[in-house]
Structure formats: structure tokens, C-alpha cells
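Listing of target.pdb; format and content: PDB, C-alpha atoms, pLDDT in the B column.
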```pdb
MODEL        1
ATOM      1  CA  MET U1292      14.073 -52.810 -15.511  1.00 75.00           C
ATOM      2  CA  ALA U1293      16.824 -50.194 -15.418  1.00 84.00           C
ATOM      3  CA  SER U1294      17.054 -46.501 -14.641  1.00 89.00           C
ATOM      4  CA  VAL U1295      18.414 -44.891 -17.809  1.00 92.00           C
ATOM      5  CA  LEU U1296      19.679 -41.391 -18.549  1.00 94.00           C
ATOM      6  CA  VAL U1297      19.509 -40.548 -22.257  1.00 94.00           C
ATOM      7  CA  VAL U1298      21.817 -37.687 -23.268  1.00 93.00           C
ATOM      8  CA  GLU U1299      20.759 -36.688 -26.793  1.00 91.00           C
ATOM      9  CA  ASP U1300      20.211 -33.247 -28.317  1.00 90.00           C
ATOM     10  CA  ASP U1301      18.230 -34.369 -31.385  1.00 89.00           C
ATOM     11  CA  PRO U1302      14.576 -34.100 -30.266  1.00 90.00           C
ATOM     12  CA  PHE U1303      13.354 -36.767 -32.692  1.00 90.00           C
ATOM     13  CA  VAL U1304      15.985 -39.343 -31.725  1.00 88.00           C
ATOM     14  CA  ARG U1305      15.513 -38.457 -28.081  1.00 90.00           C
ATOM     15  CA  SER U1306      11.731 -38.915 -28.212  1.00 91.00           C
ATOM     16  CA  ALA U1307      12.081 -42.240 -30.016  1.00 89.00           C
ATOM     17  CA  LEU U1308      14.587 -43.565 -27.466  1.00 89.00           C
ATOM     18  CA  ILE U1309      12.439 -42.433 -24.533  1.00 91.00           C
ATOM     19  CA  ARG U1310       9.341 -44.065 -25.994  1.00 91.00           C
ATOM     20  CA  GLN U1311      11.023 -47.341 -26.915  1.00 88.00           C
ATOM     21  CA  LEU U1312      12.971 -47.707 -23.665  1.00 89.00           C
ATOM     22  CA  THR U1313       9.856 -46.889 -21.650  1.00 90.00           C
ATOM     23  CA  ASP U1314       7.917 -49.504 -23.631  1.00 88.00           C
ATOM     24  CA  ALA U1315      10.651 -51.959 -22.630  1.00 84.00           C
ATOM     25  CA  SER U1316       9.818 -51.192 -18.946  1.00 85.00           C
ATOM     26  CA  HIS U1317      12.866 -49.014 -18.247  1.00 87.00           C
ATOM     27  CA  THR U1318      12.663 -45.793 -16.233  1.00 90.00           C
ATOM     28  CA  VAL U1319      13.985 -43.007 -18.454  1.00 93.00           C
ATOM     29  CA  ARG U1320      15.146 -39.444 -17.893  1.00 93.00           C
ATOM     30  CA  SER U1321      16.597 -37.378 -20.709  1.00 94.00           C
ATOM     31  CA  VAL U1322      18.643 -34.218 -21.243  1.00 94.00           C
ATOM     32  CA  GLY U1323      20.018 -32.471 -24.293  1.00 92.00           C
ATOM     33  CA  THR U1324      23.405 -31.163 -23.118  1.00 92.00           C
ATOM     34  CA  ALA U1325      26.497 -32.458 -21.348  1.00 90.00           C
ATOM     35  CA  LEU U1326      26.168 -29.980 -18.471  1.00 90.00           C
ATOM     36  CA  GLU U1327      22.591 -31.102 -17.823  1.00 93.00           C
ATOM     37  CA  ALA U1328      23.825 -34.712 -17.823  1.00 92.00           C
ATOM     38  CA  LEU U1329      26.479 -33.881 -15.225  1.00 90.00           C
ATOM     39  CA  ARG U1330      23.871 -32.259 -13.011  1.00 90.00           C
ATOM     40  CA  GLU U1331      21.594 -35.299 -13.332  1.00 91.00           C
ATOM     41  CA  VAL U1332      24.216 -37.917 -12.406  1.00 89.00           C
ATOM     42  CA  ALA U1333      25.410 -35.746  -9.512  1.00 84.00           C
ATOM     43  CA  HIS U1334      21.962 -35.969  -7.889  1.00 86.00           C
ATOM     44  CA  ILE U1335      20.420 -39.203  -9.184  1.00 86.00           C
ATOM     45  CA  ARG U1336      21.814 -42.734  -9.257  1.00 85.00           C
ATOM     46  CA  PHE U1337      21.266 -44.227 -12.714  1.00 89.00           C
ATOM     47  CA  ASP U1338      21.914 -47.797 -13.809  1.00 89.00           C
ATOM     48  CA  VAL U1339      23.215 -46.769 -17.224  1.00 92.00           C
ATOM     49  CA  VAL U1340      23.815 -43.619 -19.309  1.00 93.00           C
ATOM     50  CA  VAL U1341      23.345 -43.517 -23.081  1.00 93.00           C
ATOM     51  CA  LEU U1342      25.575 -40.664 -24.236  1.00 92.00           C
ATOM     52  CA  ASP U1343      25.417 -39.064 -27.678  1.00 89.00           C
ATOM     53  CA  LEU U1344      28.719 -37.541 -28.795  1.00 84.00           C
ATOM     54  CA  GLY U1345      27.271 -34.734 -30.901  1.00 84.00           C
ATOM     55  CA  LEU U1346      26.237 -32.446 -28.077  1.00 88.00           C
ATOM     56  CA  PRO U1347      25.947 -28.671 -28.499  1.00 90.00           C
ATOM     57  CA  ASP U1348      27.947 -27.588 -25.441  1.00 90.00           C
ATOM     58  CA  LEU U1349      30.799 -30.090 -25.011  1.00 86.00           C
ATOM     59  CA  ASP U1350      32.566 -32.669 -27.113  1.00 80.00           C
ATOM     60  CA  GLY U1351      31.182 -36.074 -26.146  1.00 76.00           C
ATOM     61  CA  SER U1352      34.550 -37.511 -25.115  1.00 77.00           C
ATOM     62  CA  GLU U1353      35.158 -34.529 -22.824  1.00 82.00           C
ATOM     63  CA  ALA U1354      31.708 -35.037 -21.333  1.00 85.00           C
ATOM     64  CA  LEU U1355      32.578 -38.694 -20.818  1.00 85.00           C
ATOM     65  CA  LYS U1356      35.756 -37.812 -18.913  1.00 82.00           C
ATOM     66  CA  MET U1357      33.800 -35.422 -16.713  1.00 85.00           C
ATOM     67  CA  LEU U1358      31.164 -38.073 -16.033  1.00 85.00           C
ATOM     68  CA  ARG U1359      33.900 -40.511 -15.067  1.00 80.00           C
ATOM     69  CA  GLY U1360      35.196 -37.956 -12.593  1.00 75.00           C
ATOM     70  CA  ILE U1361      31.994 -38.080 -10.539  1.00 79.00           C
ATOM     71  CA  THR U1362      30.441 -41.507 -11.155  1.00 80.00           C
ATOM     72  CA  ASP U1363      31.247 -45.068 -12.178  1.00 80.00           C
ATOM     73  CA  VAL U1364      27.832 -45.596 -13.807  1.00 85.00           C
ATOM     74  CA  PRO U1365      28.105 -47.691 -17.011  1.00 88.00           C
ATOM     75  CA  VAL U1366      28.161 -45.445 -20.090  1.00 91.00           C
ATOM     76  CA  ILE U1367      27.185 -46.543 -23.599  1.00 90.00           C
ATOM     77  CA  VAL U1368      28.310 -44.027 -26.192  1.00 89.00           C
ATOM     78  CA  ALA U1369      26.225 -43.443 -29.306  1.00 84.00           C
ATOM     79  CA  THR U1370      28.266 -42.111 -32.206  1.00 78.00           C
ATOM     80  CA  ALA U1371      27.976 -41.638 -35.942  1.00 76.00           C
ATOM     81  CA  ARG U1372      31.774 -41.942 -36.251  1.00 70.00           C
ATOM     82  CA  ASP U1373      32.936 -45.495 -36.878  1.00 69.00           C
ATOM     83  CA  ASP U1374      36.722 -45.462 -37.123  1.00 70.00           C
ATOM     84  CA  GLU U1375      39.391 -47.083 -34.980  1.00 70.00           C
ATOM     85  CA  THR U1376      40.889 -43.819 -33.737  1.00 75.00           C
ATOM     86  CA  GLU U1377      37.518 -42.664 -32.456  1.00 74.00           C
ATOM     87  CA  VAL U1378      36.760 -46.015 -30.830  1.00 72.00           C
ATOM     88  CA  VAL U1379      40.143 -45.974 -29.073  1.00 72.00           C
ATOM     89  CA  ARG U1380      39.530 -42.444 -27.830  1.00 72.00           C
ATOM     90  CA  LEU U1381      36.103 -43.357 -26.429  1.00 77.00           C
ATOM     91  CA  LEU U1382      37.202 -46.539 -24.692  1.00 75.00           C
ATOM     92  CA  ASN U1383      40.250 -44.833 -23.244  1.00 72.00           C
ATOM     93  CA  ALA U1384      38.050 -42.035 -21.932  1.00 73.00           C
ATOM     94  CA  GLY U1385      36.036 -44.577 -19.948  1.00 80.00           C
ATOM     95  CA  ALA U1386      33.168 -45.781 -22.159  1.00 85.00           C
ATOM     96  CA  ASP U1387      31.868 -49.238 -21.270  1.00 84.00           C
ATOM     97  CA  ASP U1388      30.524 -49.837 -24.762  1.00 84.00           C
ATOM     98  CA  TYR U1389      29.598 -47.979 -27.920  1.00 83.00           C
ATOM     99  CA  LEU U1390      26.992 -48.089 -30.667  1.00 83.00           C
ATOM    100  CA  THR U1391      27.267 -46.695 -34.165  1.00 82.00           C
ATOM    101  CA  LYS U1392      24.261 -44.740 -35.428  1.00 80.00           C
ATOM    102  CA  PRO U1393      21.757 -45.666 -36.665  1.00 80.00           C
ATOM    103  CA  PHE U1394      20.958 -48.524 -34.303  1.00 81.00           C
ATOM    104  CA  SER U1395      17.816 -50.357 -33.246  1.00 81.00           C
ATOM    105  CA  VAL U1396      16.414 -50.245 -29.732  1.00 79.00           C
ATOM    106  CA  GLU U1397      16.825 -54.039 -29.642  1.00 81.00           C
ATOM    107  CA  HIS U1398      20.553 -53.598 -30.215  1.00 83.00           C
ATOM    108  CA  LEU U1399      20.725 -50.914 -27.539  1.00 85.00           C
ATOM    109  CA  SER U1400      18.778 -53.102 -25.100  1.00 83.00           C
ATOM    110  CA  ALA U1401      21.182 -55.990 -25.658  1.00 83.00           C
ATOM    111  CA  ARG U1402      24.201 -53.763 -24.988  1.00 83.00           C
ATOM    112  CA  MET U1403      22.501 -52.309 -21.904  1.00 86.00           C
ATOM    113  CA  ALA U1404      21.797 -55.788 -20.552  1.00 83.00           C
ATOM    114  CA  ALA U1405      25.448 -56.741 -21.063  1.00 81.00           C
ATOM    115  CA  VAL U1406      26.927 -53.738 -19.233  1.00 81.00           C
ATOM    116  CA  LEU U1407      24.361 -54.065 -16.435  1.00 80.00           C
ATOM    117  CA  ARG U1408      25.214 -57.741 -15.932  1.00 77.00           C
ATOM    118  CA  ARG U1409      28.837 -56.727 -15.767  1.00 71.00           C
ATOM    119  CA  ALA U1410      28.205 -53.931 -13.254  1.00 68.00           C
ATOM    120  CA  ARG U1411      25.965 -56.040 -11.016  1.00 65.00           C
ATOM    121  CA  SER U1412      28.225 -59.080 -11.004  1.00 61.00           C
ATOM    122  CA  GLY U1413      31.091 -56.834  -9.922  1.00 55.00           C
ATOM    123  CA  GLY U1414      29.121 -55.334  -7.045  1.00 48.00           C
ATOM    124  CA  GLY U1415      28.286 -58.519  -5.125  1.00 46.00           C
ATOM    125  CA  GLU U1416      30.078 -59.675  -2.013  1.00 44.00           C
ATOM    126  CA  SER U1417      32.546 -62.504  -2.498  1.00 45.00           C
ATOM    127  CA  ALA U1418      35.557 -64.053  -0.866  1.00 45.00           C
ATOM    128  CA  PRO U1419      38.778 -62.075  -1.258  1.00 47.00           C
ATOM    129  CA  SER U1420      40.556 -62.929  -4.516  1.00 58.00           C
ATOM    130  CA  PRO U1421      44.216 -63.894  -4.326  1.00 82.00           C
ATOM    131  CA  VAL U1422      46.828 -61.499  -5.624  1.00 88.00           C
ATOM    132  CA  ILE U1423      48.081 -62.744  -8.994  1.00 90.00           C
ATOM    133  CA  ARG U1424      51.764 -62.593  -9.893  1.00 92.00           C
ATOM    134  CA  VAL U1425      53.027 -63.294 -13.386  1.00 92.00           C
ATOM    135  CA  GLY U1426      56.705 -62.445 -13.781  1.00 92.00           C
ATOM    136  CA  GLY U1427      57.051 -58.792 -12.785  1.00 93.00           C
ATOM    137  CA  LEU U1428      53.302 -58.220 -13.118  1.00 94.00           C
ATOM    138  CA  THR U1429      51.128 -58.082  -9.983  1.00 94.00           C
ATOM    139  CA  VAL U1430      47.321 -57.958 -10.174  1.00 93.00           C
ATOM    140  CA  ASP U1431      45.173 -57.450  -7.065  1.00 90.00           C
ATOM    141  CA  PRO U1432      41.516 -58.134  -8.005  1.00 85.00           C
ATOM    142  CA  LEU U1433      40.189 -57.108  -4.595  1.00 79.00           C
ATOM    143  CA  ARG U1434      41.761 -53.636  -4.676  1.00 81.00           C
ATOM    144  CA  ARG U1435      41.554 -53.470  -8.458  1.00 84.00           C
ATOM    145  CA  GLN U1436      45.201 -52.475  -8.681  1.00 89.00           C
ATOM    146  CA  ALA U1437      47.974 -53.688 -10.966  1.00 93.00           C
ATOM    147  CA  GLU U1438      51.711 -53.085 -10.896  1.00 94.00           C
ATOM    148  CA  LEU U1439      54.516 -53.827 -13.320  1.00 95.00           C
ATOM    149  CA  ASP U1440      57.977 -54.191 -11.773  1.00 93.00           C
ATOM    150  CA  GLY U1441      56.728 -52.274  -8.724  1.00 92.00           C
ATOM    151  CA  ALA U1442      55.236 -49.348 -10.703  1.00 94.00           C
ATOM    152  CA  ARG U1443      51.490 -48.761 -10.510  1.00 93.00           C
ATOM    153  CA  LEU U1444      49.633 -49.204 -13.818  1.00 93.00           C
ATOM    154  CA  ASP U1445      47.006 -46.598 -14.684  1.00 90.00           C
ATOM    155  CA  LEU U1446      44.275 -48.793 -16.178  1.00 87.00           C
ATOM    156  CA  THR U1447      40.689 -48.129 -17.149  1.00 82.00           C
ATOM    157  CA  ARG U1448      38.056 -50.385 -15.604  1.00 81.00           C
ATOM    158  CA  ARG U1449      37.766 -52.586 -18.682  1.00 83.00           C
ATOM    159  CA  GLU U1450      41.538 -52.747 -19.200  1.00 87.00           C
ATOM    160  CA  PHE U1451      41.895 -54.004 -15.637  1.00 89.00           C
ATOM    161  CA  ASP U1452      39.152 -56.600 -16.110  1.00 88.00           C
ATOM    162  CA  LEU U1453      40.839 -57.903 -19.259  1.00 91.00           C
ATOM    163  CA  LEU U1454      44.281 -57.986 -17.645  1.00 93.00           C
ATOM    164  CA  ALA U1455      43.003 -59.728 -14.502  1.00 91.00           C
ATOM    165  CA  PHE U1456      41.131 -62.354 -16.526  1.00 91.00           C
ATOM    166  CA  LEU U1457      44.191 -63.203 -18.639  1.00 93.00           C
ATOM    167  CA  ALA U1458      46.611 -63.027 -15.701  1.00 92.00           C
ATOM    168  CA  GLY U1459      44.457 -65.515 -13.817  1.00 90.00           C
ATOM    169  CA  ARG U1460      45.142 -68.017 -16.622  1.00 89.00           C
ATOM    170  CA  PRO U1461      48.872 -67.588 -17.299  1.00 89.00           C
ATOM    171  CA  GLY U1462      50.063 -69.430 -20.385  1.00 90.00           C
ATOM    172  CA  VAL U1463      46.523 -70.410 -21.404  1.00 90.00           C
ATOM    173  CA  VAL U1464      45.294 -69.322 -24.838  1.00 91.00           C
ATOM    174  CA  VAL U1465      41.893 -67.669 -24.353  1.00 90.00           C
ATOM    175  CA  ALA U1466      39.589 -67.484 -27.364  1.00 89.00           C
ATOM    176  CA  ARG U1467      38.139 -64.111 -28.308  1.00 87.00           C
ATOM    177  CA  LYS U1468      34.644 -65.535 -27.904  1.00 85.00           C
ATOM    178  CA  GLU U1469      35.478 -66.392 -24.285  1.00 86.00           C
ATOM    179  CA  LEU U1470      36.866 -62.897 -23.671  1.00 87.00           C
ATOM    180  CA  LEU U1471      33.642 -61.357 -24.967  1.00 82.00           C
ATOM    181  CA  ALA U1472      31.568 -63.653 -22.752  1.00 80.00           C
ATOM    182  CA  GLU U1473      33.612 -63.323 -19.560  1.00 82.00           C
ATOM    183  CA  VAL U1474      35.052 -59.806 -19.705  1.00 83.00           C
ATOM    184  CA  TRP U1475      32.381 -57.996 -21.728  1.00 77.00           C
ATOM    185  CA  GLN U1476      29.473 -60.259 -20.690  1.00 72.00           C
ATOM    186  CA  GLN U1477      28.397 -60.504 -24.327  1.00 68.00           C
ATOM    187  CA  SER U1478      27.703 -63.565 -26.456  1.00 61.00           C
ATOM    188  CA  TYR U1479      28.638 -61.613 -29.573  1.00 61.00           C
ATOM    189  CA  GLY U1480      30.516 -58.458 -30.421  1.00 61.00           C
ATOM    190  CA  ASP U1481      33.134 -56.709 -32.511  1.00 63.00           C
ATOM    191  CA  ASP U1482      36.707 -58.044 -32.387  1.00 70.00           C
ATOM    192  CA  GLN U1483      37.832 -54.422 -32.749  1.00 77.00           C
ATOM    193  CA  THR U1484      36.772 -53.804 -29.149  1.00 79.00           C
ATOM    194  CA  ILE U1485      39.158 -56.515 -27.930  1.00 84.00           C
ATOM    195  CA  ASP U1486      41.938 -55.327 -30.232  1.00 86.00           C
ATOM    196  CA  VAL U1487      41.659 -51.773 -28.921  1.00 85.00           C
ATOM    197  CA  HIS U1488      41.928 -52.854 -25.301  1.00 87.00           C
ATOM    198  CA  LEU U1489      44.811 -55.201 -26.042  1.00 91.00           C
ATOM    199  CA  SER U1490      46.612 -52.374 -27.839  1.00 91.00           C
ATOM    200  CA  TRP U1491      46.229 -50.057 -24.845  1.00 89.00           C
ATOM    201  CA  LEU U1492      47.256 -52.779 -22.406  1.00 92.00           C
ATOM    202  CA  ARG U1493      50.383 -53.498 -24.446  1.00 93.00           C
ATOM    203  CA  ARG U1494      51.310 -49.832 -24.435  1.00 93.00           C
ATOM    204  CA  LYS U1495      50.947 -49.640 -20.657  1.00 93.00           C
ATOM    205  CA  LEU U1496      52.946 -52.847 -20.240  1.00 94.00           C
ATOM    206  CA  GLY U1497      55.732 -51.336 -22.349  1.00 94.00           C
ATOM    207  CA  GLU U1498      55.390 -53.695 -25.287  1.00 94.00           C
ATOM    208  CA  THR U1499      53.968 -53.903 -28.804  1.00 92.00           C
ATOM    209  CA  ALA U1500      52.228 -56.579 -30.843  1.00 90.00           C
ATOM    210  CA  ALA U1501      55.425 -56.975 -32.868  1.00 91.00           C
ATOM    211  CA  ARG U1502      57.559 -57.269 -29.727  1.00 92.00           C
ATOM    212  CA  PRO U1503      55.364 -58.808 -27.015  1.00 92.00           C
ATOM    213  CA  ARG U1504      56.550 -59.477 -23.475  1.00 93.00           C
ATOM    214  CA  TYR U1505      53.405 -60.553 -21.635  1.00 95.00           C
ATOM    215  CA  LEU U1506      50.536 -60.431 -24.132  1.00 95.00           C
ATOM    216  CA  HIS U1507      50.743 -62.813 -27.066  1.00 94.00           C
ATOM    217  CA  THR U1508      48.163 -63.056 -29.856  1.00 91.00           C
ATOM    218  CA  LEU U1509      47.802 -66.312 -31.748  1.00 89.00           C
ATOM    219  CA  ARG U1510      46.124 -65.390 -35.005  1.00 84.00           C
ATOM    220  CA  GLY U1511      42.834 -67.183 -35.466  1.00 80.00           C
ATOM    221  CA  VAL U1512      43.072 -68.813 -32.023  1.00 84.00           C
ATOM    222  CA  GLY U1513      43.112 -66.271 -29.207  1.00 90.00           C
ATOM    223  CA  VAL U1514      45.260 -64.403 -26.676  1.00 93.00           C
ATOM    224  CA  LYS U1515      47.462 -65.524 -23.821  1.00 93.00           C
ATOM    225  CA  LEU U1516      49.360 -63.782 -21.050  1.00 94.00           C
ATOM    226  CA  GLU U1517      52.592 -65.328 -19.842  1.00 92.00           C
ATOM    227  CA  PRO U1518      55.772 -64.082 -18.151  1.00 90.00           C
ATOM    228  CA  PRO U1519      58.716 -62.967 -20.257  1.00 88.00           C
ATOM    229  CA  ALA U1520      61.308 -65.612 -21.085  1.00 76.00           C
ATOM    230  CA  GLY U1521      63.283 -66.622 -18.020  1.00 63.00           C
ATOM    231  CA  GLN U1522      60.522 -65.684 -15.552  1.00 59.00           C
ATOM    232  CA  ALA U1523      57.729 -67.825 -14.168  1.00 55.00           C
ATOM    233  CA  PRO U1524      54.307 -67.241 -12.608  1.00 53.00           C
ATOM    234  CA  GLN U1525      54.352 -67.064  -8.820  1.00 55.00           C
ATOM    235  CA  ALA U1526      51.878 -68.707  -6.504  1.00 48.00           C
ATOM    236  CA  PRO U1527      48.919 -66.418  -5.696  1.00 50.00           C
ATOM    237  CA  ARG U1528      48.598 -65.062  -2.177  1.00 53.00           C
ATOM    238  CA  MET U1529      45.640 -63.702  -0.277  1.00 49.00           C
ATOM    239  CA  PRO U1530      45.473 -59.925   0.349  1.00 50.00           C
ATOM    240  CA  GLY U1531      47.190 -59.044   3.626  1.00 52.00           C
ATOM    241  CA  ALA U1532      49.342 -62.185   3.662  1.00 51.00           C
ATOM    242  CA  GLU U1533      53.069 -61.818   4.111  1.00 50.00           C
ATOM    243  CA  PRO U1534      55.028 -62.264   0.872  1.00 49.00           C
ATOM    244  CA  PRO U1535      57.361 -65.280   0.752  1.00 47.00           C
ATOM    245  CA  ARG U1536      60.848 -64.613   2.062  1.00 47.00           C
TER     246      ARG U1536
ENDMDL
END
```
Here is the file; what I need is its structure written in the form of C-alpha cells.
Amino acid sequence: MASVLVVEDDPFVRSALIRQLTDASHTVRSVGTALEALREVAHIRFDVVVLDLGLPDLDGSEALKMLRGITDVPVIVATARDDETEVVRLLNAGADDYLTKPFSVEHLSARMAAVLRRARSGGGESAPSPVIRVGGLTVDPLRRQAELDGARLDLTRREFDLLAFLAGRPGVVVARKELLAEVWQQSYGDDQTIDVHLSWLRRKLGETAARPRYLHTLRGVGVKLEPPAGQAPQAPRMPGAEPPR
């Protein structure tokens, strides 16, 4: 059972979502505007937010950015717009997942379960993870920070997860199915989601698909991260340890 905030201005869609999610044993609150949603998340801790983009007071992507400014709650965006530019904009603004209208409550429930598994697995206590070094790239899973040639990378949560997963397997080709399972916690999904995040990661790493440095796509096989020619992965070290001299 999850605590869900539904942000939807269409009263018919809103009522249907409330009824169906409640029938699925979730606790549901709902609002019809972005400002009401901001007030709700500022005072109540939700497990997941389902955010419609067609709100009357604010553009949905702007509302998403504002939500991200005050909470890290998983956000699933519901949109009638299904084009790559829109998907890129949503994911870059901090969405954890998205659904294209119309969708079934079963589909929504599956996406909710995936983002909740992801959020809960990331919140447990575990032993400190070693800092990963691949060429000039440094990834610190414990602090959730990444640097390239000493410069801090400004990554979204999902971009960092993808980078850390690939960096932890330097030179290994990872199948898209494995990326969906391990990074997105989904057994199925749209390859476009992976492509979008890879595109943004490449841009932040100063490379392109045509001229890769770290991220290499093998068509029909998968993706691998490896150091540029002439560089090699370095041994991982625990946070707080002195770097080798």
C-alpha cells in the first residue's frame, strides 16, 4: 500500500483514479492545481505523486521543477504528449517515469511499484560503496556525486543511477533489458527512456553518440562505459581513504 497524491484537474479522470487506486488499497489524496500540489507535499510525506501536465495554473514541467525543489518524492508524469522532445524535457526536469494518456490503472500500478521499489531500495542502510574511477571520471555512490576531470557533474537522480551502474562495470556491455531491470527496476519498458538518459549523459560528459569518449552503444547488443583511449580504470577506494600517491 502506498500514499499517493493525484494531481489532476479533470474531475472525471481524477475520480476514476481515486476510486481505482483506493480499490487497490492505496491511500489517495487529490488536488486539481499545481499550487495545491506544492502545499500538499510541503506538509505531507507521500510515497509517490501522479502529476498531470495539463494543469490550469502552471505548466506541468514547471510544477515538476518546483516539486523537485522541496521534495525527492518519486513523480510519475501523466501526459497526452508523446514525442521525444517532451519526454526529454520531463525527464530532465526530474520525472521518475511517465505515462501517455490514456492508460489503465494496471499500467499505472506497475509503474508505481517500479518507482517505489527503486526509492525504497535506495533508502536502506548499507556498507559504504567504493568510489569508482574510470579514466577522468569519478563516481561516488555514497555521496551521489560525480566528477569529470575534476569538474562536478550536474546530474539528475536517474542520470546518476545510470552512470554509476555503468561505471561500476567498466568495459562490460550491458544489455538494455538489464538496464531497465537494475536502474529502472522494471522488467519491461520503452527503449526511448534509456536513449533519452544516455543522450543527456553524453552531453554532460562532453561527447556525442557519433563521437563517444566514455559511453559506447553497440547496436542490438547494449551499452558500455569505458575510459577514453590511452586511459585505464583505476582501482576503487573507500570514501575517506587517502588517494594513492
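Among the candidates U:Leu1390, U:Met1292, U:Ala1501, U:Leu1326, the one nearest to U:Leu1349 when counting all atoms listed in the file is U:Leu1326.
Between atom CA of U:Lys1392 and atom CA of U:Ala1307 there is a distance of 13.6 Å.
Around U:Pro1461, within 9 Å and counting only C-alpha atoms, the residues found are Val1425, Lys1515, Leu1516, Glu1517, Pro1518 and Pro1524 of chain U, once anything fewer than 5 positions away on its own chain is removed.
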Box for stretch 1316-1335 of chain U - axis-aligned, 5 Å on each of the six sides, all listed atoms - centre and size in Å to one decimal, as lines of an AutoDock Vina configuration file.
```
center_x = 18.2
center_y = -40.6
center_z = -16.1
size_x = 26.7
size_y = 31.2
size_z = 26.4
```
query = Distance atom CA of U:Leu1312-atom CA of U:Gly1360, one decimal place?
reply = 26.7 Å
